[in-house]
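Below: the structure, in structure tokens.
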Amino acid sequence: MAGQWVVQRDRDDVKHLARSIPLTIETLKERYEIEFRCQLGIPEREDLTLKLWIEMIEELKGTP
């Protein structure tokens, strides 16, 4: 049950940031690739997380 709460909290955080920070999806992808991905132990797993976040942001902003 605690794991589900963390996931929902993460989703809520992503939605909040999408509303609050003027960051384009392209900028988010670029900064992830350049600044963050190289530091990850299993980047493929986090790539999927980024993809989910982007889908949430697109849904929130009404863009495909």
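Following the order of the structure tokens, chains are lettered A, B, ..., residues in each are numbered from 1, and ligands are numbered from 1.
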
Using only C-alpha atoms, find each residue in range 44-63 of chain A having at least one atom no more than 12 Å away from range 22-32 of chain A; report its shortest atom-to-atom pair and that distance in Å (one decimal), rows by chain then rising number, as CSV.
```
residue,atom,partner,partner_atom,distance
A:Glu46,CA,A:Tyr32,CA,9.9
A:Asp47,CA,A:Tyr32,CA,9.1
A:Thr49,CA,A:Tyr32,CA,11.3
A:Leu50,CA,A:Lys29,CA,8.0
A:Lys51,CA,A:Lys29,CA,9.2
A:Trp53,CA,A:Ile25,CA,9.7
A:Ile54,CA,A:Ile25,CA,6.8
A:Glu55,CA,A:Ile25,CA,9.8
A:Met56,CA,A:Ile25,CA,10.9
A:Ile57,CA,A:Ile25,CA,8.1
A:Glu58,CA,A:Ile25,CA,8.4
A:Lys61,CA,A:Ile25,CA,10.7
A:Thr63,CA,A:Ile25,CA,10.5
```

So how far away is CA of Arg19 in chain A from CA of Gly62 in chain A, in Å?
-> 12.2 Å

DSSP alpha helix (DSSP H) residues within range 2-57 of chain A, as a PyMOL selection string | chain A and resi 2-20+25-31+43-57
